[in-house]
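Contents: one structure, followed by commentary.
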Amino acid sequence: MRLYGTQRIEENGVLQIGGVSVTELKEKYGTPLYIMDEAALRERAGTFKKLFSHEKLETEVIYASKAFMTKAMARLIDEEDLSLDVVSGGELYTALSIGFKLERIYFHGNNKSSEELKFAIESGVGTIILDNGNEARRIQRILEGSDKIQKVLLRVNPGIDAHTHEYISTTKNDSKFGLSIYNDDTIEAIKNVMKADNMEFRGLHCHIGSQIFEESSFMNEVSVIMSYLEKLKGYGILVKEMDMGGGFGVEYVTGDKPIDLTQFFPAFLESIYQEAVKRNLLPLKVMIEPGRAITANAGITLYEVGGTKETLGDKTYVFVDGSMADHIRTVLYDASYEAVMANRMNDPLTMNYTVTGKACESGDILVRNARLPKAKDGDLLAVLTTGAYHYSMASNYNRLPKPPVVFVKDGKSRLVVRRETYEDLVRNDVDGGEE
């Protein structure tokens with residue numbers, strides 16, 4: 001088990017994050033509680049900004065907000081001078097609510113509604129990433145009679161198997177995302193966009209999957225995509241911008257081996273540059289879209305232990321006051337996590353527990369095999385590396401209120417998302433129906 005960012009163990013064995021103990025956070029905000037290490041978020045964002053640069057290529061780092069999106073996070077990304085990828089009207093609205101720079105917003109998604117596209121265009125979003133020809137036609141209808149020119153990229157699918165979980169692999173040939181580079185209809189789709197008076201075709205987008213540990217997958221992406229750009233040039237299609245997507249894996253459990261970005265990015269960008277020179281594709285702007293790689297290790301979820309149970313099936317459960325409603329990735333992706341007894345970090349690890357919650361589901365498992373001290377009622381259990389896709393994917397299953405989110409830094413904590421109340425749960429209910 002490894003601690004991340006500003007996570008430390010106090011002399012009394014209590015876990016501390018950002019200079020604030022989890023016992024203090026529990027007392028002030030209650031549990032379950034999402035805790036985000038603000039210094040770690042900023043350090044990670046800055047690392048991507050610094051490392052993803054090349055003296056002969058224009059580069060841009062675009063934060064994939066689906067990993068974790070709140071007003072506070074959008075503001076942090078803006079302050080760290082990263083751009084922002086949004087995939088829904090709700091994520092876009094959140095960005096606009098804090099005044100995020102419009103020219104640095106990229107609107108993504110495979111089935112944007114006409115209402116969402118109209119909202120994005122009227123708001124002045126810098127770039128819309130088209131997933132298919134239908135979206136291009138919707139934009140044309142929205143802009144008909146207008147003198148506005150909308151910058152667009154087109155998402156393509158290179159058919160690369162990135163050796164990741166089936167649900168987060170995005171470029172197999174049967175993927176719902178993008179248009180295949182092996183289908184000549186894709187070239188016709190690009191030509192149709194270029195002919196449109198109200199769209200400016202800037203280039204392509206490609207994303208091969210998530211939680212990728214193999215450098216070779218990304219290098220294969222470079223080879224395939226740059227060859228395709230050369231092919232497009234033969235059809236008179238000049239690509240000025242190439243978004244290579246994200247998918248950089250993070251360490252969830254001992255044994256995970258993320259790519260060393262300090263070594264990888266220089267080689268990655270130099271490979272793109274050399275391919276561009278060889279194929280006469282310069283000038284070329286190159287972008288990436290990290291999300292999980294910025295937020296995951298910066299977050300933990302804090303729970304209170306409610307008891308334990310030994311079954312006849314030789315399984316020992318520790319019950320916490322959260323559930324799959326605030327931690328869905330274990331059951332959804334069979335994802336693995338590490339947990340600690342956050343108020344007793346120095347105690348010997350004597351028990352193997354299955355960490356489970358209070359949802360009315362047998363599959364309500366948070367951590368499948370947690371090595372912990374013998375649990376006591378009232379203990380504080382923390383699940384590590386929950387900064388990505390936990391708050392984002394939280395639900396109200398069983399009418400459970402969503403936990404709050406706090407940022408911690410320099411010995412202080414601040415609430416960035418309030419805990420939902422029972423009143424919040426029924427706020428949109430219409431008692432008796434509505435005519």
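Labels used: A, B, ... for chains in the order of the structure tokens, numbers from 1 for residues in each chain, and numbers from 1 for ligands as shown.
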Which of stretch 26-262 of chain A fall in alpha helix (DSSP H), as number ranges by chain
A: 26-29, 38-51, 71-79, 89-97, 114-123, 133-143, 184-195, 215-234, 261-262
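With only C-alpha atoms taken into account, the protein and nucleic acid residues at most 8 Å from stretch 245-251 of chain A (excluding it and anything under 6 positions from it in its own chain) are His205, Cys206, His207, Ile208, Gly209, Ser210, Gln211, Ile212, Phe213, Lys257, Pro258, Ile259, Met287, Ile288, Glu289, Pro290, Gly291, Arg292, Ala293, Ala296, Asn297 and Thr385 of chain A.
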Run DSSP on the backbone and grab whatever in stretch 48-252 of chain A lands in strand (DSSP E); send it over as a PyMOL selection string.
chain A and resi 58-64+83-86+105-107+127-130+150-157+179-180+199-205+241-243
Residue contacts of A:Met341 (6 Å, only C-alpha atoms) excluding same-chain residues fewer than 4 positions away, as a list in words
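Skipping anything fewer than 4 positions along the chain leaves Met345, Leu380 and Leu381 of chain A.
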Write a file of the just-selected residues containing N, CA and C atoms, as a JSON list (two decimals), in the first residue's frame.
[["chain", "number", "residue", "atom", "x", "y", "z"],
["A", 345, "MET", "N", -3.73, 3.58, 11.40],
["A", 345, "MET", "CA", -2.80, 3.24, 10.32],
["A", 345, "MET", "C", -1.59, 2.44, 10.82],
["A", 380, "LEU", "N", -12.72, 4.44, 11.09],
["A", 380, "LEU", "CA", -12.79, 5.18, 9.83],
["A", 380, "LEU", "C", -12.02, 4.41, 8.76],
["A", 381, "LEU", "N", -12.72, 3.95, 7.75],
["A", 381, "LEU", "CA", -12.11, 3.20, 6.66],
["A", 381, "LEU", "C", -12.01, 4.09, 5.43]]
If you count only C-alpha atoms, which residues fall within 8 Å of A:Leu130, apart from same-chain ones fewer than 5 positions away, as a list in words?
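After dropping sequence-adjacent residues, the list is His108, Gly109, Asn110, Glu135, Ala136, Val152, Leu153, Leu154 and Arg155 of chain A.
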I need the chosen residues saved as a PDB file, in the first residue's frame, with C-alpha atoms.
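This went into selection08.pdb:
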ATOM      1  CA  HIS A 108     -17.232  15.986 -27.048  1.00  0.00           C
ATOM      2  CA  GLY A 109     -19.648  13.032 -27.036  1.00  0.00           C
ATOM      3  CA  ASN A 110     -21.035  10.457 -29.448  1.00  0.00           C
ATOM      4  CA  GLU A 135     -23.689  15.874 -35.811  1.00  0.00           C
ATOM      5  CA  ALA A 136     -22.178  17.813 -38.693  1.00  0.00           C
ATOM      6  CA  VAL A 152     -14.595  21.298 -35.408  1.00  0.00           C
ATOM      7  CA  LEU A 153     -12.508  18.156 -35.105  1.00  0.00           C
ATOM      8  CA  LEU A 154     -13.706  14.733 -36.260  1.00  0.00           C
ATOM      9  CA  ARG A 155     -13.253  11.693 -34.039  1.00  0.00           C
TER      10      ARG A 155
END
Selection near A:Ala335, 10 Å with only C-alpha atoms, sequence-local residues under 4 positions removed, as an MDAnalysis selection string:
chainID A and resid 165 252:253 328:331 366:368
Residues within 8 Å of stretch 31-47 of chain A, please, as a list in words. Count only C-alpha atoms; anything in the same chain fewer than 6 positions from it doesn't count.
Gly5, Thr6, Ile17, Gly18, Leu76, Ile77, Glu80, Leu82, Ala293, Ile294, Thr295, Ala298, Gly299, Ile300, Thr301, Leu302, Tyr303, Glu304, Asp321, Gly322, Gly387, Tyr391, Pro403, Pro404, Val405, Val406, Phe407, Val408 and Lys409 of chain A
Expected file contents, prior selection, N, CA and C atoms, as a PDB file, in the first residue's frame:
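Done, and the output landed in result02.pdb:
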ATOM      1  N   GLY A   5       0.423  11.926  -2.995  1.00  0.00           N
ATOM      2  CA  GLY A   5       0.281  13.360  -2.771  1.00  0.00           C
ATOM      3  C   GLY A   5       0.706  13.765  -1.381  1.00  0.00           C
ATOM      4  N   THR A   6      -0.186  14.447  -0.659  1.00  0.00           N
ATOM      5  CA  THR A   6       0.128  14.933   0.686  1.00  0.00           C
ATOM      6  C   THR A   6      -0.411  14.005   1.777  1.00  0.00           C
ATOM      7  N   ILE A  17      -4.404  14.220   5.273  1.00  0.00           N
ATOM      8  CA  ILE A  17      -4.350  14.629   3.869  1.00  0.00           C
ATOM      9  C   ILE A  17      -4.361  16.148   3.812  1.00  0.00           C
ATOM     10  N   GLY A  18      -3.430  16.715   3.070  1.00  0.00           N
ATOM     11  CA  GLY A  18      -3.370  18.162   2.975  1.00  0.00           C
ATOM     12  C   GLY A  18      -3.187  18.840   4.315  1.00  0.00           C
ATOM     13  N   LEU A  76     -10.097  25.214 -10.874  1.00  0.00           N
ATOM     14  CA  LEU A  76      -8.706  24.797 -10.689  1.00  0.00           C
ATOM     15  C   LEU A  76      -8.038  24.548 -12.041  1.00  0.00           C
ATOM     16  N   ILE A  77      -8.731  23.867 -12.944  1.00  0.00           N
ATOM     17  CA  ILE A  77      -8.174  23.582 -14.266  1.00  0.00           C
ATOM     18  C   ILE A  77      -7.934  24.878 -15.031  1.00  0.00           C
ATOM     19  N   GLU A  80      -4.862  26.537 -13.650  1.00  0.00           N
ATOM     20  CA  GLU A  80      -3.635  25.833 -14.025  1.00  0.00           C
ATOM     21  C   GLU A  80      -3.356  25.918 -15.522  1.00  0.00           C
ATOM     22  N   LEU A  82      -4.952  24.778 -18.159  1.00  0.00           N
ATOM     23  CA  LEU A  82      -5.270  23.655 -19.019  1.00  0.00           C
ATOM     24  C   LEU A  82      -6.585  23.954 -19.733  1.00  0.00           C
ATOM     25  N   ALA A 293      -5.796  10.377 -14.935  1.00  0.00           N
ATOM     26  CA  ALA A 293      -4.383  10.495 -14.582  1.00  0.00           C
ATOM     27  C   ALA A 293      -4.088  11.748 -13.766  1.00  0.00           C
ATOM     28  N   ILE A 294      -4.987  12.723 -13.791  1.00  0.00           N
ATOM     29  CA  ILE A 294      -4.830  13.931 -12.984  1.00  0.00           C
ATOM     30  C   ILE A 294      -5.506  13.785 -11.629  1.00  0.00           C
ATOM     31  N   THR A 295      -6.677  13.143 -11.592  1.00  0.00           N
ATOM     32  CA  THR A 295      -7.497  13.192 -10.379  1.00  0.00           C
ATOM     33  C   THR A 295      -7.487  11.939  -9.518  1.00  0.00           C
ATOM     34  N   ALA A 298      -5.406  11.586  -6.314  1.00  0.00           N
ATOM     35  CA  ALA A 298      -5.597  12.737  -5.428  1.00  0.00           C
ATOM     36  C   ALA A 298      -6.819  12.575  -4.520  1.00  0.00           C
ATOM     37  N   GLY A 299      -7.621  11.551  -4.744  1.00  0.00           N
ATOM     38  CA  GLY A 299      -8.855  11.419  -3.985  1.00  0.00           C
ATOM     39  C   GLY A 299      -8.918  10.167  -3.135  1.00  0.00           C
ATOM     40  N   ILE A 300      -9.591  10.262  -1.986  1.00  0.00           N
ATOM     41  CA  ILE A 300      -9.966   9.085  -1.209  1.00  0.00           C
ATOM     42  C   ILE A 300     -11.437   9.250  -0.812  1.00  0.00           C
ATOM     43  N   THR A 301     -12.052   8.134  -0.466  1.00  0.00           N
ATOM     44  CA  THR A 301     -13.403   8.180   0.092  1.00  0.00           C
ATOM     45  C   THR A 301     -13.342   7.663   1.513  1.00  0.00           C
ATOM     46  N   LEU A 302     -13.888   8.438   2.443  1.00  0.00           N
ATOM     47  CA  LEU A 302     -13.848   8.110   3.865  1.00  0.00           C
ATOM     48  C   LEU A 302     -15.204   7.588   4.316  1.00  0.00           C
ATOM     49  N   TYR A 303     -15.189   6.459   5.016  1.00  0.00           N
ATOM     50  CA  TYR A 303     -16.408   5.829   5.523  1.00  0.00           C
ATOM     51  C   TYR A 303     -16.278   5.541   7.009  1.00  0.00           C
ATOM     52  N   GLU A 304     -17.416   5.333   7.664  1.00  0.00           N
ATOM     53  CA  GLU A 304     -17.430   4.859   9.057  1.00  0.00           C
ATOM     54  C   GLU A 304     -17.847   3.398   9.079  1.00  0.00           C
ATOM     55  N   ASP A 321     -20.675   2.815   5.851  1.00  0.00           N
ATOM     56  CA  ASP A 321     -21.909   3.583   5.668  1.00  0.00           C
ATOM     57  C   ASP A 321     -22.065   4.135   4.255  1.00  0.00           C
ATOM     58  N   GLY A 322     -21.225   3.703   3.329  1.00  0.00           N
ATOM     59  CA  GLY A 322     -21.409   4.024   1.921  1.00  0.00           C
ATOM     60  C   GLY A 322     -21.953   2.824   1.174  1.00  0.00           C
ATOM     61  N   GLY A 387     -10.385   9.425  -6.769  1.00  0.00           N
ATOM     62  CA  GLY A 387     -10.583  10.779  -7.280  1.00  0.00           C
ATOM     63  C   GLY A 387     -11.166  10.846  -8.679  1.00  0.00           C
ATOM     64  N   TYR A 391     -17.218  10.368  -7.630  1.00  0.00           N
ATOM     65  CA  TYR A 391     -18.241  11.411  -7.525  1.00  0.00           C
ATOM     66  C   TYR A 391     -19.002  11.538  -8.842  1.00  0.00           C
ATOM     67  N   PRO A 403     -22.716  11.776  -1.249  1.00  0.00           N
ATOM     68  CA  PRO A 403     -21.799  12.381  -0.275  1.00  0.00           C
ATOM     69  C   PRO A 403     -21.311  13.745  -0.738  1.00  0.00           C
ATOM     70  N   PRO A 404     -20.808  14.547   0.201  1.00  0.00           N
ATOM     71  CA  PRO A 404     -20.203  15.831  -0.151  1.00  0.00           C
ATOM     72  C   PRO A 404     -18.773  15.629  -0.646  1.00  0.00           C
ATOM     73  N   VAL A 405     -18.219  16.699  -1.194  1.00  0.00           N
ATOM     74  CA  VAL A 405     -16.823  16.713  -1.629  1.00  0.00           C
ATOM     75  C   VAL A 405     -16.110  17.848  -0.921  1.00  0.00           C
ATOM     76  N   VAL A 406     -14.931  17.556  -0.372  1.00  0.00           N
ATOM     77  CA  VAL A 406     -14.120  18.608   0.235  1.00  0.00           C
ATOM     78  C   VAL A 406     -12.747  18.623  -0.420  1.00  0.00           C
ATOM     79  N   PHE A 407     -12.198  19.816  -0.564  1.00  0.00           N
ATOM     80  CA  PHE A 407     -10.799  19.995  -0.976  1.00  0.00           C
ATOM     81  C   PHE A 407      -9.990  20.273   0.288  1.00  0.00           C
ATOM     82  N   VAL A 408      -8.811  19.668   0.379  1.00  0.00           N
ATOM     83  CA  VAL A 408      -7.923  19.920   1.518  1.00  0.00           C
ATOM     84  C   VAL A 408      -6.581  20.414   0.991  1.00  0.00           C
ATOM     85  N   LYS A 409      -6.011  21.381   1.705  1.00  0.00           N
ATOM     86  CA  LYS A 409      -4.717  21.934   1.314  1.00  0.00           C
ATOM     87  C   LYS A 409      -4.161  22.786   2.440  1.00  0.00           C
TER      88      LYS A 409
END
Within 8 Å of A:Leu179, counting only C-alpha atoms, which residues qualify if same-chain residues fewer than 2 places away don't, as a list in words?
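Near neighbours after the sequence-gap exclusion: Asp131, Asn132, Arg155, Val156, Asn157, Phe177, Ile181, Asn183 and Thr186 of chain A.
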Go ahead and save the picked residues with N, CA and C atoms, as a PDB file, in the first residue's frame.
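This is the output file selection34.pdb:
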ATOM      1  N   ASP A 131     -18.576  13.364 -33.762  1.00  0.00           N
ATOM      2  CA  ASP A 131     -18.421  11.921 -33.688  1.00  0.00           C
ATOM      3  C   ASP A 131     -18.853  11.247 -34.985  1.00  0.00           C
ATOM      4  N   ASN A 132     -19.693  11.929 -35.747  1.00  0.00           N
ATOM      5  CA  ASN A 132     -20.239  11.325 -36.960  1.00  0.00           C
ATOM      6  C   ASN A 132     -20.845  12.409 -37.851  1.00  0.00           C
ATOM      7  N   ARG A 155     -13.806  12.858 -34.736  1.00  0.00           N
ATOM      8  CA  ARG A 155     -13.253  11.693 -34.039  1.00  0.00           C
ATOM      9  C   ARG A 155     -13.170  10.506 -34.996  1.00  0.00           C
ATOM     10  N   VAL A 156     -11.990   9.883 -35.016  1.00  0.00           N
ATOM     11  CA  VAL A 156     -11.790   8.705 -35.853  1.00  0.00           C
ATOM     12  C   VAL A 156     -11.397   7.519 -34.989  1.00  0.00           C
ATOM     13  N   ASN A 157     -11.615   6.352 -35.526  1.00  0.00           N
ATOM     14  CA  ASN A 157     -11.350   5.102 -34.821  1.00  0.00           C
ATOM     15  C   ASN A 157     -10.269   4.334 -35.567  1.00  0.00           C
ATOM     16  N   PHE A 177     -17.766   4.732 -30.834  1.00  0.00           N
ATOM     17  CA  PHE A 177     -17.158   6.052 -30.956  1.00  0.00           C
ATOM     18  C   PHE A 177     -16.466   6.236 -32.309  1.00  0.00           C
ATOM     19  N   ILE A 181     -11.034   4.706 -39.678  1.00  0.00           N
ATOM     20  CA  ILE A 181     -10.083   5.191 -40.675  1.00  0.00           C
ATOM     21  C   ILE A 181      -9.956   4.205 -41.841  1.00  0.00           C
ATOM     22  N   ASN A 183     -12.562   2.982 -43.404  1.00  0.00           N
ATOM     23  CA  ASN A 183     -13.764   3.116 -44.215  1.00  0.00           C
ATOM     24  C   ASN A 183     -13.645   4.392 -45.053  1.00  0.00           C
ATOM     25  N   THR A 186     -15.413   7.745 -44.361  1.00  0.00           N
ATOM     26  CA  THR A 186     -14.884   8.731 -43.421  1.00  0.00           C
ATOM     27  C   THR A 186     -14.257   9.900 -44.180  1.00  0.00           C
TER      28      THR A 186
END
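Using only C-alpha atoms, the smallest distance between any of A:Val61, A:Ile160, A:Met219, A:Leu15 and A:Glu270 comes from A:Met219.
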Of the candidates A:Glu338, A:Asp377, A:Asp431, A:Glu275, which one gets nearest to A:Val320 if we count only C-alpha atoms?
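The answer is A:Asp377, which sits nearest to A:Val320.
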Selected residue of minimal separation from A:Glu215 among A:Met194, A:Asp81, A:Gln263, A:Ser180, counting only C-alpha atoms
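Nearest to A:Glu215: A:Gln263.
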Counting only C-alpha atoms, which of A:Asp256, A:Asp314, A:Glu221, A:Glu188 gets nearest to A:Phe268?
A:Glu221
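Comparing A:Gly89, A:Gly255, A:Gly159, A:Gly126 by their smallest distance to A:Met199, the closest is A:Gly126 (using only C-alpha atoms).
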